[in-house]
file final-v9.cif (mmCIF, C-alpha atoms)
data_start
loop_
_atom_site.label_atom_id
_atom_site.label_comp_id
_atom_site.auth_asym_id
_atom_site.auth_seq_id
_atom_site.Cartn_x
_atom_site.Cartn_y
_atom_site.Cartn_z
CA MET E 479 -221.24 180.72 25.12
CA GLY E 480 -222.30 179.41 21.72
CA SER E 481 -220.71 180.77 18.61
CA GLY E 482 -223.90 180.55 16.54
CA PRO E 483 -225.89 183.32 18.23
CA ILE E 484 -222.88 185.61 18.25
CA PHE E 485 -222.34 185.34 14.54
CA ALA E 486 -226.06 185.59 13.82
CA SER E 487 -226.41 188.84 15.72
CA ALA E 488 -223.13 190.09 14.30
CA LEU E 489 -224.55 189.63 10.83
CA ARG E 490 -227.87 191.17 11.81
CA VAL E 491 -226.28 194.42 12.88
CA ALA E 492 -223.77 194.35 10.04
CA ILE E 493 -225.97 196.28 7.65
CA ARG E 494 -226.89 198.87 10.26
CA THR E 495 -223.24 199.40 11.14
CA LEU E 496 -222.16 199.92 7.56
CA LEU E 497 -222.82 203.61 8.02
CA LEU E 498 -221.10 203.58 11.37
CA VAL E 499 -218.06 201.87 9.88
CA THR E 500 -217.48 204.60 7.35
CA THR E 501 -216.87 207.05 10.16
CA TRP E 502 -214.89 204.60 12.27
CA PRO E 503 -211.55 206.15 13.22
CA ALA E 504 -208.41 204.56 11.89
CA THR E 505 -207.04 204.18 15.41
CA PRO E 506 -206.98 200.71 17.00
CA PRO E 507 -210.21 199.83 18.88
CA CYS E 508 -208.30 199.62 22.17
CA GLU E 509 -207.59 203.33 22.05
CA ALA E 510 -210.94 204.28 20.58
CA GLN E 511 -213.00 202.49 23.18
CA SER E 512 -211.09 202.38 26.45
CA ALA E 513 -212.35 205.80 27.46
CA ASP E 514 -216.04 204.96 27.69
CA SER E 515 -215.89 201.27 28.55
CA ASP E 516 -216.09 201.35 32.35
CA ARG E 517 -219.79 200.61 32.65
CA GLU E 518 -221.02 198.04 35.10
CA ALA E 519 -221.52 194.31 34.62
CA PHE E 520 -221.95 193.38 30.99
CA SER E 521 -223.56 196.36 29.36
CA GLU E 522 -220.72 196.39 26.83
CA ARG E 523 -222.32 193.46 25.02
CA THR E 524 -224.10 195.56 22.39
CA ALA E 525 -221.12 197.80 21.83
CA ILE E 526 -218.85 194.79 21.44
CA LEU E 527 -221.17 193.18 18.91
CA ARG E 528 -221.47 196.41 16.97
CA ALA E 529 -217.70 196.84 16.78
CA ALA E 530 -217.24 193.16 15.91
CA ALA E 531 -219.81 193.46 13.11
CA GLY E 532 -218.01 196.53 11.77
CA ILE E 533 -214.73 194.64 11.77
CA ALA E 534 -216.42 191.68 10.06
CA VAL E 535 -217.74 193.96 7.31
CA TYR E 536 -214.33 195.40 6.50
CA ALA E 537 -212.82 191.90 6.74
CA GLY E 538 -215.28 190.85 4.04
CA VAL E 539 -214.21 193.71 1.78
CA PHE E 540 -210.49 193.12 2.42
CA GLY E 541 -211.04 189.39 1.90
CA LEU E 542 -212.63 190.19 -1.44
CA ALA E 543 -209.57 192.24 -2.37
CA PHE E 544 -207.24 189.47 -1.20
CA GLY E 545 -209.08 186.85 -3.25
CA ALA E 546 -208.89 189.04 -6.35
CA VAL E 547 -205.21 189.90 -5.81
CA ALA E 548 -204.32 186.23 -5.15
CA SER E 549 -206.19 185.22 -8.27
CA ALA E 550 -204.41 187.88 -10.33
CA ALA E 551 -201.11 186.57 -8.93
CA GLY E 552 -201.87 183.16 -10.41
CA LEU E 553 -203.17 181.30 -7.35
CA ASP E 554 -206.23 179.13 -7.86
CA VAL E 555 -209.41 179.49 -5.79
CA ILE E 556 -208.55 176.67 -3.38
CA GLN E 557 -205.05 178.05 -2.74
CA ALA E 558 -206.47 181.50 -1.95
CA VAL E 559 -209.07 180.05 0.43
CA VAL E 560 -206.53 177.76 2.14
CA LEU E 561 -204.34 180.80 2.81
CA SER E 562 -207.26 182.68 4.37
CA ALA E 563 -208.49 179.69 6.35
CA VAL E 564 -205.18 178.26 7.58
CA MET E 565 -202.74 181.18 7.60
CA PHE E 566 -205.47 183.66 8.59
CA THR E 567 -203.30 186.72 9.10
CA GLY E 568 -203.89 189.32 6.41
CA ALA E 569 -200.58 191.13 6.07
CA SER E 570 -198.64 187.83 5.82
CA GLN E 571 -201.06 186.59 3.16
CA PHE E 572 -200.76 189.73 1.04
CA ALA E 573 -196.95 189.66 1.43
CA LEU E 574 -196.67 186.00 0.43
CA VAL E 575 -198.86 186.42 -2.64
CA GLY E 576 -197.17 189.67 -3.64
CA ILE E 577 -193.66 188.21 -3.48
CA LEU E 578 -194.67 185.08 -5.42
CA ASP E 579 -196.32 187.31 -8.02
CA ALA E 580 -193.20 189.48 -8.30
CA GLY E 581 -191.17 186.37 -9.09
CA GLY E 582 -189.59 186.05 -5.66
CA SER E 583 -188.41 182.69 -4.40
CA PRO E 584 -190.73 180.55 -2.24
CA PHE E 585 -188.27 180.99 0.63
CA ALA E 586 -188.42 184.78 0.38
CA ALA E 587 -192.23 184.60 0.37
CA LEU E 588 -192.25 182.25 3.35
CA ALA E 589 -189.76 184.35 5.32
CA ALA E 590 -191.71 187.58 4.76
CA ALA E 591 -194.98 185.90 5.83
CA LEU E 592 -193.28 184.55 8.96
CA LEU E 593 -191.63 187.84 9.92
CA LEU E 594 -195.00 189.58 9.63
CA GLY E 595 -196.60 186.80 11.68
CA VAL E 596 -194.18 187.12 14.60
CA ARG E 597 -196.36 189.79 16.21
CA ASN E 598 -199.19 187.29 16.61
CA ALA E 599 -197.02 185.27 19.00
CA PHE E 600 -196.76 188.34 21.21
CA TYR E 601 -200.49 188.99 20.99
CA GLY E 602 -200.96 185.49 22.40
CA VAL E 603 -199.68 186.55 25.82
CA PRO E 604 -202.45 189.03 26.77
CA VAL E 605 -205.06 187.01 24.86
CA SER E 606 -204.43 183.75 26.71
CA ASP E 607 -204.57 185.67 29.99
CA ILE E 608 -208.03 187.01 29.07
CA VAL E 609 -209.52 184.02 27.25
CA ARG E 610 -207.88 181.35 29.49
CA PRO E 611 -208.37 178.53 26.97
CA ARG E 612 -208.24 174.93 28.21
CA GLY E 613 -207.39 171.76 26.29
CA LEU E 614 -208.33 171.66 22.63
CA ARG E 615 -209.87 175.11 22.81
CA ARG E 616 -206.31 176.44 23.03
CA LEU E 617 -205.77 175.33 19.42
CA LEU E 618 -208.82 177.26 18.26
CA THR E 619 -207.96 180.30 20.38
CA ALA E 620 -204.46 180.40 18.87
CA HIS E 621 -205.88 180.39 15.37
CA LEU E 622 -207.95 183.52 16.00
CA VAL E 623 -205.11 185.57 17.56
CA ILE E 624 -204.59 188.50 15.16
CA ASP E 625 -204.49 192.33 15.32
CA GLU E 626 -208.24 192.92 15.55
CA THR E 627 -209.19 190.16 17.99
CA THR E 628 -206.33 191.12 20.32
CA ALA E 629 -207.20 194.81 20.20
CA MET E 630 -210.87 194.05 20.95
CA ALA E 631 -210.05 191.64 23.80
CA VAL E 632 -207.59 193.92 25.60
CA ALA E 633 -209.84 196.97 25.15
CA GLN E 634 -212.47 195.57 27.56
CA THR E 635 -212.42 196.40 31.25
CA ASN E 636 -213.23 192.92 32.59
CA ARG E 637 -212.23 189.42 31.59
CA ARG E 638 -215.76 188.28 30.75
CA ALA E 639 -216.25 191.12 28.28
CA GLY E 640 -212.74 190.56 26.93
CA ARG E 641 -213.44 186.91 26.27
CA TYR E 642 -216.76 187.75 24.63
CA ALA E 643 -215.10 190.41 22.47
CA PHE E 644 -212.37 187.98 21.41
CA TRP E 645 -214.77 185.28 20.24
CA ALA E 646 -217.33 187.64 18.68
CA THR E 647 -214.63 189.48 16.73
CA GLY E 648 -212.73 186.30 15.84
CA ILE E 649 -215.71 184.31 14.58
CA GLY E 650 -217.23 187.20 12.62
CA LEU E 651 -213.90 188.20 11.12
CA PHE E 652 -212.85 184.65 10.24
CA SER E 653 -216.17 183.94 8.52
CA MET E 654 -216.27 187.15 6.50
CA TRP E 655 -212.55 187.04 5.62
CA ASN E 656 -212.99 183.58 4.13
CA ILE E 657 -216.31 184.28 2.41
CA GLY E 658 -214.76 187.44 0.96
CA THR E 659 -211.66 185.56 -0.20
CA LEU E 660 -213.75 182.87 -1.89
CA ALA E 661 -215.89 185.47 -3.67
CA GLY E 662 -212.83 187.56 -4.66
CA ALA E 663 -210.96 184.53 -6.00
CA LEU E 664 -214.00 183.37 -7.97
CA ILE E 665 -214.59 186.83 -9.45
CA GLY E 666 -210.89 187.63 -9.74
CA SER E 667 -210.16 185.20 -12.53
CA ASN E 668 -212.84 186.86 -14.70
CA ILE E 669 -212.08 190.53 -14.13
CA ASN E 670 -209.38 192.95 -15.15
CA THR E 671 -207.86 193.68 -11.72
CA SER E 672 -205.72 196.45 -13.18
CA ALA E 673 -208.73 198.31 -14.62
CA LEU E 674 -210.47 198.10 -11.23
CA GLY E 675 -207.45 199.65 -9.53
CA LEU E 676 -206.83 196.53 -7.45
CA ASP E 677 -203.07 196.92 -7.79
CA ALA E 678 -203.50 199.77 -5.31
CA ALA E 679 -205.26 197.42 -2.86
CA ALA E 680 -202.21 195.83 -1.23
CA PRO E 681 -200.17 199.03 -0.69
CA ALA E 682 -203.29 200.86 0.56
CA ILE E 683 -204.02 198.09 3.06
CA PHE E 684 -200.38 197.95 4.18
CA LEU E 685 -200.43 201.72 4.65
CA ALA E 686 -203.65 201.56 6.67
CA LEU E 687 -202.18 198.83 8.88
CA LEU E 688 -198.93 200.77 9.28
CA TRP E 689 -200.51 204.14 10.07
CA PRO E 690 -201.63 203.63 13.71
CA GLN E 691 -198.32 201.90 14.50
CA LEU E 692 -196.28 204.96 13.50
CA ALA E 693 -197.22 206.50 16.86
CA ARG E 694 -194.96 203.91 18.50
CA ASP E 695 -191.56 204.97 19.83
CA ARG E 696 -188.89 204.80 17.06
CA ALA E 697 -191.49 203.70 14.49
CA PRO E 698 -191.12 206.67 12.05
CA ALA E 699 -187.34 206.18 11.95
CA VAL E 700 -187.75 202.43 11.46
CA ALA E 701 -190.27 203.01 8.64
CA CYS E 702 -187.90 205.40 6.83
CA GLY E 703 -184.93 203.09 7.37
CA ALA E 704 -186.87 200.11 6.06
CA VAL E 705 -187.90 201.98 2.91
CA VAL E 706 -184.29 203.05 2.25
CA VAL E 707 -182.88 199.54 2.84
CA ALA E 708 -185.56 197.84 0.73
CA LEU E 709 -185.31 200.24 -2.23
CA ALA E 710 -181.52 200.30 -2.15
CA LEU E 711 -181.44 196.50 -2.50
CA VAL E 712 -183.96 196.30 -5.37
CA PRO E 713 -181.40 196.25 -8.22
CA ILE E 714 -179.02 193.92 -6.37
CA VAL E 715 -181.03 191.04 -4.91
CA PRO E 716 -183.94 188.83 -6.11
CA PRO E 717 -187.55 190.00 -5.57
CA GLY E 718 -188.79 189.57 -2.01
CA VAL E 719 -185.34 189.74 -0.44
CA PRO E 720 -185.40 193.58 0.00
CA ILE E 721 -188.50 193.15 2.20
CA ILE E 722 -186.82 190.56 4.40
CA ALA E 723 -183.66 192.65 4.62
CA ALA E 724 -185.76 195.53 5.96
CA ALA E 725 -186.46 193.42 9.06
CA THR E 726 -182.89 194.09 10.18
CA VAL E 727 -183.84 197.75 10.66
CA ALA E 728 -186.47 196.73 13.21
CA VAL E 729 -184.04 194.42 14.99
CA ALA E 730 -181.34 197.11 15.11
CA ALA E 731 -183.76 199.74 16.40
CA GLY E 732 -185.17 197.32 18.98
CA LEU E 733 -181.71 196.39 20.26
CA ALA E 734 -180.56 200.00 20.58
CA PRO E 735 -180.67 201.08 24.23
CA ALA E 736 -183.88 202.76 25.27
CA ARG E 737 -183.88 206.36 26.40
CA SER E 738 -186.83 206.01 28.76
CA ASP E 739 -186.72 202.49 30.26
CA SER E 740 -183.13 202.03 31.37
CA GLY E 741 -183.93 198.91 33.41
CA ALA E 742 -184.23 196.85 30.27
CA GLY E 743 -181.00 194.97 30.93
CA GLU E 744 -178.28 196.61 28.88
CA GLY E 745 -175.32 194.82 27.35
CA HIS E 746 -177.17 192.19 25.33
CA ARG E 747 -175.70 193.31 22.05
CA MET R 416 -190.72 174.30 -3.59
CA SER R 417 -194.06 174.38 -5.37
CA THR R 418 -196.70 177.03 -4.75
CA TRP R 419 -198.73 174.55 -2.75
CA MET R 420 -195.74 173.64 -0.57
CA THR R 421 -195.03 177.33 0.04
CA ILE R 422 -198.65 178.00 0.97
CA LEU R 423 -198.91 175.05 3.36
CA ALA R 424 -195.51 175.56 4.97
CA ALA R 425 -196.06 179.29 5.49
CA SER R 426 -199.63 178.78 6.75
CA LEU R 427 -198.63 176.13 9.29
CA ALA R 428 -195.62 178.16 10.41
CA CYS R 429 -197.79 181.25 10.94
CA TYR R 430 -200.23 179.14 12.94
CA GLY R 431 -197.29 177.76 14.94
CA LEU R 432 -196.29 181.32 15.88
CA LYS R 433 -199.80 181.97 17.21
CA LEU R 434 -199.79 178.70 19.15
CA ILE R 435 -196.42 179.54 20.72
CA GLY R 436 -197.90 182.85 21.88
CA VAL R 437 -200.86 181.34 23.71
CA SER R 438 -198.80 178.44 25.10
CA LEU R 439 -195.54 179.93 26.36
CA PRO R 440 -195.31 181.45 29.84
CA GLU R 441 -195.32 185.23 29.77
CA SER R 442 -191.74 185.50 31.04
CA VAL R 443 -190.31 184.14 27.78
CA LEU R 444 -191.91 186.73 25.54
CA GLY R 445 -192.00 189.46 28.17
CA HIS R 446 -188.44 190.79 27.81
CA PRO R 447 -188.69 194.51 26.92
CA ARG R 448 -186.11 194.29 24.17
CA VAL R 449 -187.75 191.25 22.59
CA GLN R 450 -191.12 192.98 22.75
CA ARG R 451 -189.71 196.13 21.19
CA ILE R 452 -188.28 194.21 18.23
CA ALA R 453 -191.57 192.34 17.81
CA ALA R 454 -193.49 195.62 17.83
CA LEU R 455 -191.15 197.25 15.31
CA LEU R 456 -190.99 194.27 12.93
CA PRO R 457 -194.38 194.94 11.29
CA VAL R 458 -193.48 198.64 10.98
CA ALA R 459 -190.34 197.76 9.00
CA MET R 460 -191.97 195.00 6.96
CA LEU R 461 -195.07 197.00 6.04
CA SER R 462 -192.96 200.03 5.06
CA ALA R 463 -190.74 197.86 2.87
CA LEU R 464 -193.80 196.18 1.31
CA ILE R 465 -195.37 199.54 0.45
CA ALA R 466 -192.11 200.82 -1.06
CA THR R 467 -191.51 197.71 -3.16
CA ASP R 468 -195.17 197.49 -4.21
CA LEU R 469 -194.96 201.01 -5.55
CA PHE R 470 -191.43 201.22 -6.99
CA ASP R 471 -189.99 197.74 -7.51
CA SER R 472 -190.70 195.71 -10.61
CA GLY R 473 -188.14 192.97 -10.20
CA ARG R 474 -184.56 194.22 -9.99
CA HIS R 475 -185.38 197.57 -11.52
CA TYR R 476 -187.33 200.62 -10.49
CA SER R 477 -190.58 201.68 -12.06
CA ALA R 478 -193.73 203.34 -10.85
CA ASP R 479 -197.27 203.58 -12.14
CA TRP R 480 -198.52 207.10 -11.46
CA HIS R 481 -202.19 206.00 -11.31
CA THR R 482 -201.39 203.69 -8.41
CA LEU R 483 -199.17 206.30 -6.76
CA VAL R 484 -201.92 208.91 -6.80
CA GLY R 485 -204.48 206.33 -5.64
CA VAL R 486 -202.39 205.32 -2.64
CA GLY R 487 -201.62 209.00 -2.04
CA VAL R 488 -205.34 209.74 -1.80
CA GLY R 489 -205.61 206.82 0.62
CA ALA R 490 -202.80 208.31 2.71
CA PHE R 491 -204.59 211.66 2.78
CA ALA R 492 -207.77 209.93 3.98
CA LEU R 493 -205.75 208.20 6.73
CA TRP R 494 -204.28 211.51 7.77
CA ARG R 495 -207.83 212.91 7.94
CA GLY R 496 -208.73 210.08 10.33
CA ARG R 497 -210.88 208.07 7.92
CA SER R 498 -211.53 204.38 8.51
CA LEU R 499 -209.62 201.54 6.87
CA LEU R 500 -212.56 200.79 4.63
CA VAL R 501 -212.82 204.36 3.33
CA VAL R 502 -209.06 204.51 2.74
CA PHE R 503 -209.16 201.25 0.82
CA VAL R 504 -212.15 202.17 -1.36
CA LEU R 505 -210.74 205.66 -2.12
CA ALA R 506 -207.35 204.23 -3.11
CA ILE R 507 -208.63 201.64 -5.57
CA ALA R 508 -211.43 203.87 -6.93
CA THR R 509 -208.98 206.72 -7.59
CA THR R 510 -206.53 204.37 -9.30
CA ALA R 511 -209.29 202.83 -11.44
CA LEU R 512 -210.81 206.18 -12.44
CA LEU R 513 -207.43 207.72 -13.31
CA ARG R 514 -206.55 204.70 -15.40
CA GLN R 515 -209.89 204.92 -17.17
CA PHE R 516 -210.05 208.62 -17.89
CA ALA R 517 -206.65 210.24 -17.40
#
call {"tool": "encode", "arguments": {"input": "final-v9.cif", "output": "structure tokens"}}
result
Amino acid sequence: MGSGPIFASALRVAIRTLLLVTTWPATPPCEAQSADSDREAFSERTAILRAAAGIAVYAGVFGLAFGAVASAAGLDVIQAVVLSAVMFTGASQFALVGILDAGGSPFAALAAALLLGVRNAFYGVPVSDIVRPRGLRRLLTAHLVIDETTAMAVAQTNRRAGRYAFWATGIGLFSMWNIGTLAGALIGSNINTSALGLDAAAPAIFLALLWPQLARDRAPAVACGAVVVALALVPIVPPGVPIIAAATVAVAAGLAPARSDSGAGEGHR
Amino acid sequence: MSTWMTILAASLACYGLKLIGVSLPESVLGHPRVQRIAALLPVAMLSALIATDLFDSGRHYSADWHTLVGVGVGAFALWRGRSLLVVFVLAIATTALLRQFA
């Protein structure tokens, strides 16, 4: 299937879905849609495009915020766009820019971006099973594996719809994220980001990304532990390091024996 | 390491993680304990990022109440089931308006 028509129709419905987006629940699409998705054949096409367009719209707005924040942090326009085009994973980008801006070392910034990017490797498993990329297309598929594309792909009931959802979401999101970043970076150097409240952008986005994940087993405890560890280290270590140190809370909680699934192979600690 | 080096190294490394995911056989990444750590990593990192964004200004604590209230309004919107976009717009608009008029 060609990417052109997908993006064209995604853009066409983008305006119409603006209203729809404002009432879109903050739950991941996989939970929001799985209930009513067992229609026959490929009737999901319209619904997929509509959801993909909604995601593209908010990617444009978040991209705008990222461009402005990156610009305020001292990155030039090309650096901001390269991050969005090559790194293309929002939380890692915001983390990297934030730590550099706070005066953290490049290594702290790199480590935080990487630790936040680890989840994409795990998204690759269900995605490659649905998309089944061959040859060079594997390289392109890998690039588009992020929260939204994975959630959209796994939410579909058949592989064909899943593949369609992956590409429609990925292409729309990638385009709008980069256009938004470019616009934000261009505007960002000429505006007072503080007066526009853009210093609240990164924590608000992080909170919105965190929120649906708090339903996960052990997540509330991990979140509290991470906050305590990070804040306790603030006066002691250089900027950026408290964030990396908080990763140990996740590792510790993940290694602790599970209460429900006891077949997980104990004794690895 | 220059800013450019950091950007390129981190970008390529993040891409490498994605490529590993679509290339490795499922058995390698399928271990329950490995998956649980991977699922909890963003929870810990995002929480720490929020905390340091709000209270850390380089080796000492400080907080800007405009931003705190703005993010608080965003949190309330999340709790009320609003979309990411609404949460985002409410948070920065509240912060901007408070800073302007309060």
call {"tool": "closest_atom_pairs", "arguments": {"input": "final-v9.cif", "of": "chain E", "to": "chain R", "cutoff": "6 Å", "atoms": "all atoms listed in the file", "output": "JSON lines"}}
result
{"residue": "E:Trp502", "atom": "CA", "partner": "R:Ser498", "partner_atom": "CA", "distance": 5.0}
{"residue": "E:Pro503", "atom": "CA", "partner": "R:Ser498", "partner_atom": "CA", "distance": 5.0}
{"residue": "E:Ala504", "atom": "CA", "partner": "R:Ser498", "partner_atom": "CA", "distance": 4.6}
{"residue": "E:Tyr536", "atom": "CA", "partner": "R:Leu500", "partner_atom": "CA", "distance": 6.0}
{"residue": "E:Val564", "atom": "CA", "partner": "R:Ser426", "partner_atom": "CA", "distance": 5.6}
{"residue": "E:Met565", "atom": "CA", "partner": "R:Ser426", "partner_atom": "CA", "distance": 4.0}
{"residue": "E:Pro584", "atom": "CA", "partner": "R:Thr421", "partner_atom": "CA", "distance": 5.8}
{"residue": "E:Leu588", "atom": "CA", "partner": "R:Ala425", "partner_atom": "CA", "distance": 5.3}
{"residue": "E:Leu592", "atom": "CA", "partner": "R:Cys429", "partner_atom": "CA", "distance": 5.9}
{"residue": "E:Leu594", "atom": "CA", "partner": "R:Pro457", "partner_atom": "CA", "distance": 5.6}
{"residue": "E:Gly595", "atom": "CA", "partner": "R:Cys429", "partner_atom": "CA", "distance": 5.7}
{"residue": "E:Arg597", "atom": "CA", "partner": "R:Ala453", "partner_atom": "CA", "distance": 5.7}
{"residue": "E:Asn598", "atom": "CA", "partner": "R:Lys433", "partner_atom": "CA", "distance": 5.4}
{"residue": "E:Ala599", "atom": "CA", "partner": "R:Gly436", "partner_atom": "CA", "distance": 3.9}
{"residue": "E:Phe600", "atom": "CA", "partner": "R:Gly436", "partner_atom": "CA", "distance": 5.6}
{"residue": "E:Gly602", "atom": "CA", "partner": "R:Gly436", "partner_atom": "CA", "distance": 4.1}
{"residue": "E:Val603", "atom": "CA", "partner": "R:Gly436", "partner_atom": "CA", "distance": 5.7}
{"residue": "E:Ser606", "atom": "CA", "partner": "R:Val437", "partner_atom": "CA", "distance": 5.2}
{"residue": "E:Ala620", "atom": "CA", "partner": "R:Leu434", "partner_atom": "CA", "distance": 5.0}
{"residue": "E:Ala673", "atom": "CA", "partner": "R:Ala511", "partner_atom": "CA", "distance": 5.6}
{"residue": "E:Leu674", "atom": "CA", "partner": "R:Ala511", "partner_atom": "CA", "distance": 4.9}
{"residue": "E:Gly675", "atom": "CA", "partner": "R:Ala511", "partner_atom": "CA", "distance": 4.1}
{"residue": "E:Leu676", "atom": "CA", "partner": "R:Ile507", "partner_atom": "CA", "distance": 5.7}
{"residue": "E:Ala678", "atom": "CA", "partner": "R:Thr482", "partner_atom": "CA", "distance": 5.4}
{"residue": "E:Pro681", "atom": "CA", "partner": "R:Ile465", "partner_atom": "CA", "distance": 5.0}
{"residue": "E:Ala682", "atom": "CA", "partner": "R:Val486", "partner_atom": "CA", "distance": 5.6}
{"residue": "E:Phe684", "atom": "CA", "partner": "R:Leu461", "partner_atom": "CA", "distance": 5.7}
{"residue": "E:Ala686", "atom": "CA", "partner": "R:Leu499", "partner_atom": "CA", "distance": 6.0}
{"residue": "E:Val700", "atom": "CA", "partner": "R:Ala459", "partner_atom": "CA", "distance": 5.9}
{"residue": "E:Ala701", "atom": "CA", "partner": "R:Ala459", "partner_atom": "CA", "distance": 5.3}
{"residue": "E:Ala704", "atom": "CA", "partner": "R:Ala459", "partner_atom": "CA", "distance": 5.1}
{"residue": "E:Val705", "atom": "CA", "partner": "R:Ala463", "partner_atom": "CA", "distance": 5.0}
{"residue": "E:Ala708", "atom": "CA", "partner": "R:Ala463", "partner_atom": "CA", "distance": 5.6}
{"residue": "E:Val712", "atom": "CA", "partner": "R:Arg474", "partner_atom": "CA", "distance": 5.1}
{"residue": "E:Pro713", "atom": "CA", "partner": "R:Arg474", "partner_atom": "CA", "distance": 4.2}
{"residue": "E:Pro717", "atom": "CA", "partner": "R:Gly473", "partner_atom": "CA", "distance": 5.5}
{"residue": "E:Ile721", "atom": "CA", "partner": "R:Ala463", "partner_atom": "CA", "distance": 5.3}
{"residue": "E:Ala724", "atom": "CA", "partner": "R:Ala459", "partner_atom": "CA", "distance": 5.9}
{"residue": "E:Ala725", "atom": "CA", "partner": "R:Ala459", "partner_atom": "CA", "distance": 5.8}
{"residue": "E:Ala728", "atom": "CA", "partner": "R:Leu456", "partner_atom": "CA", "distance": 5.2}
{"residue": "E:Val729", "atom": "CA", "partner": "R:Ile452", "partner_atom": "CA", "distance": 5.3}
{"residue": "E:Gly732", "atom": "CA", "partner": "R:Ile452", "partner_atom": "CA", "distance": 4.5}
call {"tool": "atom_distance", "arguments": {"input": "final-v9.cif", "atom1": "atom CA of Ala550 of chain E", "atom2": "atom CA of Ala569 of chain E"}}
result
17.2 Å
call {"tool": "closest_residue", "arguments": {"input": "final-v9.cif", "among": "E:Gly568, E:Pro735, E:Gly648, E:Gly552", "to": "Gly666 of chain E", "atoms": "all atoms listed in the file"}}
result
E:Gly552
call {"tool": "atom_distance", "arguments": {"input": "final-v9.cif", "atom1": "atom CA of Phe520 of chain E", "atom2": "atom CA of Ala534 of chain E"}}
result
21.7 Å
call {"tool": "atom_distance", "arguments": {"input": "final-v9.cif", "atom1": "atom CA of Ala546 of chain E", "atom2": "atom CA of Phe644 of chain E"}}
result
28.0 Å
call {"tool": "closest_residue", "arguments": {"input": "final-v9.cif", "among": "E:Gly532, E:Gly662, E:Pro716, E:Gly703", "to": "Glu626 of chain E", "atoms": "all atoms listed in the file"}}
result
E:Gly532
call {"tool": "closest_residue", "arguments": {"input": "final-v9.cif", "among": "E:Ser667, E:Ser653, E:Thr628, E:Ser562", "to": "Asp607 of chain E", "atoms": "all atoms listed in the file"}}
result
E:Thr628
call {"tool": "residues_around", "arguments": {"input": "final-v9.cif", "residues": "Ala661 of chain E", "least_positions_apart": "3", "cutoff": "9 Å", "atoms": "all atoms listed in the file", "output": "number ranges by chain"}}
result
E: 541-542, 545-546, 656-658, 664-666
